[in-house]
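Asker: If you scroll down you'll find the structure; I have some questions about it.
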Amino acid sequence: MSHEIDQSLDGIEQMPMKQFTEKAYLDYSMYVILDRALPHIGDGLKPVQRRIIYAMSELGLSAASKHKKSARTVGDVLGKFHPHGDTACYEAMVLMAQSFSYRYPLIDGQGNWGSPDDPKSFAAMRYTEARLTPYAQLLLSELGQGTVDWTPNFDGSLNEPVVLPARLPNLLLNGTTGIAVGMATDVPPHNLREVASACIHLLENPNCTVEELCEHLPGPDYPTEAEIITPRDELQRNYLTGGGSVRMRARYEREQGDIVITALPHQVSGAKILEQIAAQMQAKKLPMVEDLRDESDHENPTRLVIIPRSNRVDVERLMSHLFASTDLERSYRVNMNVIGLNGRPQVKNLRDLLEEWLHFRFETVRRRLEYRLGKVNERLYQLEGLLIAFLNIDEVIRIIRTEDEPKPVLMARFSLSEVQAEYVLDTKLRQLARLEEMKIRAEQAELADERERLEKLLGSRQRMRALIRRELEADAEKYGDARRSPLMERPAAELLGESELTPSEPVTVLLSEKGWIRAAKGHEIDPSGLNFRAGDGYMDAVRLRSSQMVVFLDSTGRSYSLPAHTLPSARSLGEPLTGRLSPPAGATFTSVIGGDAESWYLMSSDAGYGFMVQLKELFTKNKAGKALLNLPEGAQIMRPSLIFDPKSDRLVAISNEGRMLVFPVSELPALSRGKGNKIISIPLKRVAAREEYMIALAAVPEGGVLVVHSGKRFLKLRPVDLDCYQGERGRRGNKLPRGFQRVERAEVEV
């Protein structure tokens with residue numbers, strides 16, 4: 001297909017749609033890249049920012065002047081240089097005035113210019129007033145000295161600077177963000193003294209590396225006192241490649257047990273932080289926090305107070321969780337994509353960026369010196385003609401009085417040029433005083449010295465380098481300040497585990513005969529005294545913390561577990577466990593245990609077999625449970641017994657025939673599942689026929705007392721009494737006293 005424009009139809013241009021759309025989109029994208037979104041390396045400004053600063057300087061709004069209405073400035077910018085929307089222009093102006101957005105603000109605002117909590121809460125431009133800051137002089141002070149190129153404005157009626165003659169790399173000082181077509185830029189702000197130091201180092205050591213420059217410029221410096229926690233080698237990698245990321249973390253301190261946040265990351269709202277923490281508290285995901293307060297004021301712009309529930313809360317762990325789950329820690333992208341001196345966008349590393357800016361600065365200073373040299377030569381030329389006229393003042397006056405056209409006569413009589421003759425004619429009579437010759441000669445001598453100095457500077461790159469260094473040092477001294485964002489090495493933030501985020505309150509979990517479950521607050525309630533559904537009754541209960549896991553055992557020897565805080569309240573009749581768990585058909589839940597995951601239990605069947613197991617081995621996420629205990633034919637699972645000390649406890653086993661056997665619990669193996677070892681000797685045939693079986697099992701600690709219940713009677717067996725029943729594991733055991741041979745249960749008193 002031909003891409004030539006066809007004008008054959010009555011002069012109407014025709015073009016293939018593909019070619020037209022490509023050209024239109026390319027033109028648009030280049031406009032967005034070069035004239036809207038990306039900054040110039042010279043002054044670090046986008047066109048709208050440059051036009052605002054220049055328009056304000058033209059209005060005389062220097063740092064020493066009175067403030068003027070922002071609407072006046074915006075009107076000038078739109079009418080003369082930037083024919084776009086007033087809202088966008090005013091927002092760009094506001095951004096340059098916000099001390100929490102710009103590291104070195106260019107505009108000094110008066111009125112409501114927004115707040116860190118809501119940067120867009122600024123007043124309308126008809127209410128606010130503005131002028132330039134002293135720092136803006138770094139961009140404007142050399143503007144009228146022939147330092148930059150000028151271009152016509154949009155209607156050709158005025159000229160505007162292509163770039164401002166920045167005395168420092170404003171691009172690095174204030175940073176910038178922008179999204180163009182197919183590319184974006186994110187340059188972080190930096191400290192003025194550090195940037196000037198890096199420039200001077202590169203000026204004196206043109207072959208230095210990025211690593212050496214990072215000794216002078218270690219990292220970004222945001223307009224907030226929050227910490228930069230990105231490792232030093234990662235920051236160097238950002239500067240080496242021109243891209244990467246920077247992480248900032250809020251700063252906090254302890255005050256009488258409270259946590260006080262004193263600095264937030266760049267562009268993070270304190271109100272949003274409180275909202276994020278409060279949302280976690282409402283969802284009961286932050287049990288260790290009792291309350292939040294915002295005590296920020298004019299003296300303390302950031303003061304967020306977090307009140308822990310008790311002084312036992314691990315503050316470091318809590319803050320690590322908040323750093324990981326809220327905007328108290330935030331990552332910022334680094335993409336140093338700027339428009340270079342060749343007019344093309346490119347991602348530059350730190351050395352390339354500073355080197356190109358120094359080239360821009362050299363050219364700016366050279367043009368400034370040449371402009372001044374031209375002015376000096378012009379003035380000396382004028383003074384030369386004036387001195388000739390002064391030395392022949394009477395003749396000059398006569399010619400002026402008598403001649404109709406004195407200029408050509410003066411030129412011919414005294415060999416003056418047209419410029420000199422014009423200057424003589426424009427001289428006021430008061431300058432013809434007696435001492436004027438001395439003044440002229442003194443000014444000539446002074447200008448001659450200046451001309452010599454300027455010519456030496458222009459003729460020597462070494463002298464130019466020294467001049468630029470002196471100017472950089474002077475500007476750093478005048479406008480520089482201390483670093484705000486400290487560079488710190490911190491461990492990575494970690495979210496708290498599910499168990500740590502769960503409220504740790506005392507609860508009593510109840511299991512009914514029909515397998516219904518519920519949890520009551522506190523440990524003081526009587527589980528068997530609560531109401532149950534018709535035909536249902538009390539089966540078992542356990543006292544634990546709401547942050548712990550509850551373990552259920554069924555009649556087939558399987559274990560199941562659920563978080564205690566997820567169980568229904570005891571104010572209701574609960575809910576069936578089968579709604580949450582999937583036991584085998586015909587299985588019934590027999591017992592419930594819980595507590596410390598590291599605690600030990602006796603797991604056994606009434607056939608007289610068992611083993612030791614840690615509670616954590618009973619945990620499972622499987623709704624179908626975990627096979628735990630192998631049951632011989634006809635045998636039933638017994639309620640697990642807590643072991644106080646696996647090394648010193650004694651195990652007590654009692655059969656339904658009144659036989660009791662005592663031996664060290666350590667003789668049983670520690671298993672995670674299985675049948676276990678023989679505890680007390682009972683023939684399996686009698687177990688299957690339910691004629692003889694183990695009816696009670698307990699672990700008795702040193703000094704503990706075993707209480708054996710038989711009907712309404714009970715028998716207390718102290719350590720010395722238990723010695724009488726001591727025997728080898730797997731024996732039949734000795735008979736209990738008459739009247740206590742039909743044992744119902746055995747309890748341990750510690």
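Chain lettering (A, B, ...) mirrors the order of the structure tokens, residue numbering begins at 1 for each chain separately, and ligand numbering begins at 1 in order of display.
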So which bits of stretch 246-297 of chain A end up alpha helix (DSSP H) when you DSSP the backbone, as a ChimeraX atom specification?

Answerer: /A:270-282

Asker: Hey, can you check how far atom CA of A:Met319 sits from atom CA of A:Gln236?

Answerer: 27.7 Å

Asker: Write out as a VMD selection string the residues lying within 10 Å of A:Val396, counting only C-alpha atoms and excluding same-chain residues fewer than 2 positions away.

Answerer: chain A and resid 388 to 394 398 to 401 406 409 to 410 413 to 414 424 to 425

Asker: Would you put the residues from that selection into a file with all heavy atoms, as a short mmCIF file (atom, residue, chain, number, x, y, z; two decimals), in the first residue's frame?

Answerer:
data_model
loop_
_atom_site.label_atom_id
_atom_site.label_comp_id
_atom_site.auth_asym_id
_atom_site.auth_seq_id
_atom_site.Cartn_x
_atom_site.Cartn_y
_atom_site.Cartn_z
N ILE A 388 36.54 60.40 25.24
CA ILE A 388 36.97 61.30 24.15
C ILE A 388 36.11 62.55 24.15
O ILE A 388 36.61 63.69 24.05
CB ILE A 388 36.89 60.58 22.79
CG1 ILE A 388 37.94 59.46 22.72
CG2 ILE A 388 37.06 61.57 21.63
CD1 ILE A 388 37.80 58.58 21.49
N ALA A 389 34.81 62.36 24.29
CA ALA A 389 33.90 63.51 24.31
C ALA A 389 34.15 64.39 25.52
O ALA A 389 34.10 65.63 25.44
CB ALA A 389 32.46 63.00 24.30
N PHE A 390 34.43 63.78 26.67
CA PHE A 390 34.63 64.56 27.89
C PHE A 390 35.89 65.41 27.79
O PHE A 390 35.93 66.55 28.25
CB PHE A 390 34.71 63.60 29.08
CG PHE A 390 34.76 64.32 30.41
CD1 PHE A 390 33.60 64.82 31.00
CD2 PHE A 390 35.97 64.53 31.06
CE1 PHE A 390 33.65 65.49 32.20
CE2 PHE A 390 36.01 65.20 32.27
CZ PHE A 390 34.85 65.68 32.84
N LEU A 391 36.93 64.82 27.18
CA LEU A 391 38.19 65.56 27.04
C LEU A 391 38.05 66.72 26.03
O LEU A 391 38.88 67.64 26.02
CB LEU A 391 39.32 64.62 26.61
CG LEU A 391 39.70 63.55 27.66
CD1 LEU A 391 40.72 62.58 27.09
CD2 LEU A 391 40.25 64.22 28.92
N ASN A 392 37.03 66.64 25.18
CA ASN A 392 36.78 67.71 24.20
C ASN A 392 35.37 68.26 24.40
O ASN A 392 34.61 68.46 23.45
CB ASN A 392 36.94 67.17 22.78
CG ASN A 392 38.33 66.62 22.53
OD1 ASN A 392 39.24 67.36 22.20
ND2 ASN A 392 38.48 65.31 22.69
N ILE A 393 35.03 68.48 25.63
CA ILE A 393 33.65 68.80 25.98
C ILE A 393 33.16 70.10 25.33
O ILE A 393 32.02 70.18 24.88
CB ILE A 393 33.49 68.86 27.52
CG1 ILE A 393 32.01 68.98 27.89
CG2 ILE A 393 34.31 69.98 28.14
CD1 ILE A 393 31.22 67.78 27.52
N ASP A 394 34.02 71.11 25.27
CA ASP A 394 33.57 72.39 24.70
C ASP A 394 33.23 72.24 23.23
O ASP A 394 32.23 72.77 22.74
CB ASP A 394 34.67 73.46 24.88
CG ASP A 394 34.89 73.79 26.35
OD1 ASP A 394 33.93 73.59 27.14
OD2 ASP A 394 35.99 74.20 26.70
N ARG A 398 29.58 72.69 21.40
CA ARG A 398 29.41 73.60 20.27
C ARG A 398 28.75 72.88 19.09
O ARG A 398 27.83 73.41 18.46
CB ARG A 398 30.78 74.14 19.83
CG ARG A 398 30.68 75.25 18.76
CD ARG A 398 32.04 75.55 18.17
NE ARG A 398 32.59 74.42 17.46
CZ ARG A 398 32.17 74.05 16.23
NH1 ARG A 398 31.24 74.71 15.60
NH2 ARG A 398 32.74 72.99 15.64
N ILE A 399 29.21 71.64 18.81
CA ILE A 399 28.64 70.91 17.67
C ILE A 399 27.17 70.61 17.92
O ILE A 399 26.32 70.76 17.01
CB ILE A 399 29.43 69.60 17.44
CG1 ILE A 399 30.85 69.92 16.94
CG2 ILE A 399 28.72 68.69 16.45
CD1 ILE A 399 31.77 68.71 16.86
N ILE A 400 26.86 70.22 19.13
CA ILE A 400 25.46 69.88 19.44
C ILE A 400 24.58 71.11 19.30
O ILE A 400 23.44 71.04 18.82
CB ILE A 400 25.37 69.28 20.86
CG1 ILE A 400 26.08 67.91 20.89
CG2 ILE A 400 23.92 69.13 21.30
CD1 ILE A 400 26.20 67.32 22.28
N ARG A 401 25.11 72.30 19.72
CA ARG A 401 24.31 73.52 19.69
C ARG A 401 24.14 74.06 18.28
O ARG A 401 23.11 74.62 17.94
CB ARG A 401 24.96 74.60 20.57
CG ARG A 401 24.86 74.28 22.05
CD ARG A 401 25.47 75.40 22.86
NE ARG A 401 24.75 76.65 22.68
CZ ARG A 401 25.15 77.82 23.20
NH1 ARG A 401 26.26 77.89 23.87
NH2 ARG A 401 24.43 78.91 23.00
N PRO A 406 23.91 66.51 14.68
CA PRO A 406 25.22 66.47 15.36
C PRO A 406 25.91 65.11 15.28
O PRO A 406 27.13 65.03 15.35
CB PRO A 406 24.89 66.83 16.81
CG PRO A 406 23.45 66.49 16.97
CD PRO A 406 22.81 66.70 15.62
N VAL A 409 28.52 64.59 12.49
CA VAL A 409 29.62 65.54 12.70
C VAL A 409 30.54 65.05 13.80
O VAL A 409 31.76 65.10 13.69
CB VAL A 409 29.06 66.95 13.03
CG1 VAL A 409 30.20 67.93 13.30
CG2 VAL A 409 28.17 67.45 11.90
N LEU A 410 29.91 64.57 14.94
CA LEU A 410 30.70 64.03 16.05
C LEU A 410 31.52 62.83 15.59
O LEU A 410 32.68 62.67 15.95
CB LEU A 410 29.79 63.63 17.21
CG LEU A 410 29.19 64.76 18.04
CD1 LEU A 410 28.18 64.21 19.05
CD2 LEU A 410 30.29 65.51 18.79
N ARG A 413 34.38 64.21 13.42
CA ARG A 413 35.34 65.05 14.15
C ARG A 413 36.22 64.26 15.11
O ARG A 413 37.41 64.49 15.20
CB ARG A 413 34.55 66.14 14.91
CG ARG A 413 35.38 67.02 15.80
CD ARG A 413 36.31 67.94 15.00
NE ARG A 413 37.08 68.80 15.87
CZ ARG A 413 38.20 68.44 16.50
NH1 ARG A 413 38.67 67.22 16.32
NH2 ARG A 413 38.85 69.31 17.26
N PHE A 414 35.62 63.28 15.85
CA PHE A 414 36.38 62.57 16.90
C PHE A 414 36.60 61.09 16.58
O PHE A 414 36.97 60.32 17.46
CB PHE A 414 35.65 62.68 18.24
CG PHE A 414 35.46 64.10 18.70
CD1 PHE A 414 34.21 64.68 18.73
CD2 PHE A 414 36.57 64.88 19.08
CE1 PHE A 414 34.04 66.00 19.15
CE2 PHE A 414 36.39 66.19 19.51
CZ PHE A 414 35.12 66.75 19.54
N VAL A 424 27.05 59.27 23.55
CA VAL A 424 27.46 60.63 23.97
C VAL A 424 26.26 61.57 23.92
O VAL A 424 26.04 62.37 24.83
CB VAL A 424 28.61 61.14 23.07
CG1 VAL A 424 28.84 62.65 23.29
CG2 VAL A 424 29.88 60.36 23.33
N LEU A 425 25.47 61.47 22.88
CA LEU A 425 24.30 62.34 22.75
C LEU A 425 23.25 62.04 23.81
O LEU A 425 22.49 62.92 24.20
CB LEU A 425 23.70 62.18 21.35
CG LEU A 425 24.55 62.74 20.21
CD1 LEU A 425 23.96 62.34 18.86
CD2 LEU A 425 24.65 64.26 20.31
#

Asker: Figure out the distance between atom CA of A:Tyr25 and atom CA of A:Gly343, please, to one decimal in Å.

Answerer: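 Value for the atom CA of A:Gly343-atom CA of A:Tyr25 distance: 19.4 Å.
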
Asker: Find the spatial neighbours of stretch 358-370 of chain A, counting only C-alpha atoms, within a cut-off of 6 Å - ignore same-chain residues fewer than 4 positions away - and output them as a list in words.

Answerer: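 Skipping anything fewer than 4 positions along the chain leaves Gln145, Gly146 and Thr147 of chain A.
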
Asker: Once you have the residues from the selection above, write them out as a short mmCIF file (atom, residue, chain, number, x, y, z; two decimals), in the first residue's frame, restricted to N, CA, C and O atoms.

Answerer:
data_model
loop_
_atom_site.label_atom_id
_atom_site.label_comp_id
_atom_site.auth_asym_id
_atom_site.auth_seq_id
_atom_site.Cartn_x
_atom_site.Cartn_y
_atom_site.Cartn_z
N GLN A 145 20.76 36.34 31.91
CA GLN A 145 22.18 36.53 31.64
C GLN A 145 22.65 35.71 30.43
O GLN A 145 23.80 35.27 30.38
N GLY A 146 21.74 35.51 29.48
CA GLY A 146 22.11 34.82 28.25
C GLY A 146 22.45 33.36 28.43
O GLY A 146 23.20 32.79 27.63
N THR A 147 21.91 32.74 29.48
CA THR A 147 22.32 31.38 29.83
C THR A 147 21.50 30.30 29.12
O THR A 147 21.96 29.16 29.02
#

Asker: What does the distance between atom CA of A:Glu702 and atom CA of A:Gly594 come to in Å, to one decimal place?

Answerer: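 Going from atom CA of A:Glu702 over to atom CA of A:Gly594, I get 23.0 Å.
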
Asker: Find the spatial neighbours of A:His523, counting only C-alpha atoms, within a cut-off of 10 Å - ignore same-chain residues fewer than 6 positions away - and output them as a ChimeraX atom specification.

Answerer: /A:505-509,542-545

Asker: Near A:Asp554, within 8 Å and counting only C-alpha atoms, which residues show up once chain neighbours fewer than 4 positions away are dropped, as a PyMOL selection string?

Answerer: chain A and resi 558-559+583+587-591+637

Asker: Nearest residue to A:Leu602 out of A:Leu510, A:Val687, A:Ala696, A:Ala635, using only C-alpha atoms?

Answerer: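 Smallest distance to A:Leu602 is found for A:Ala696.
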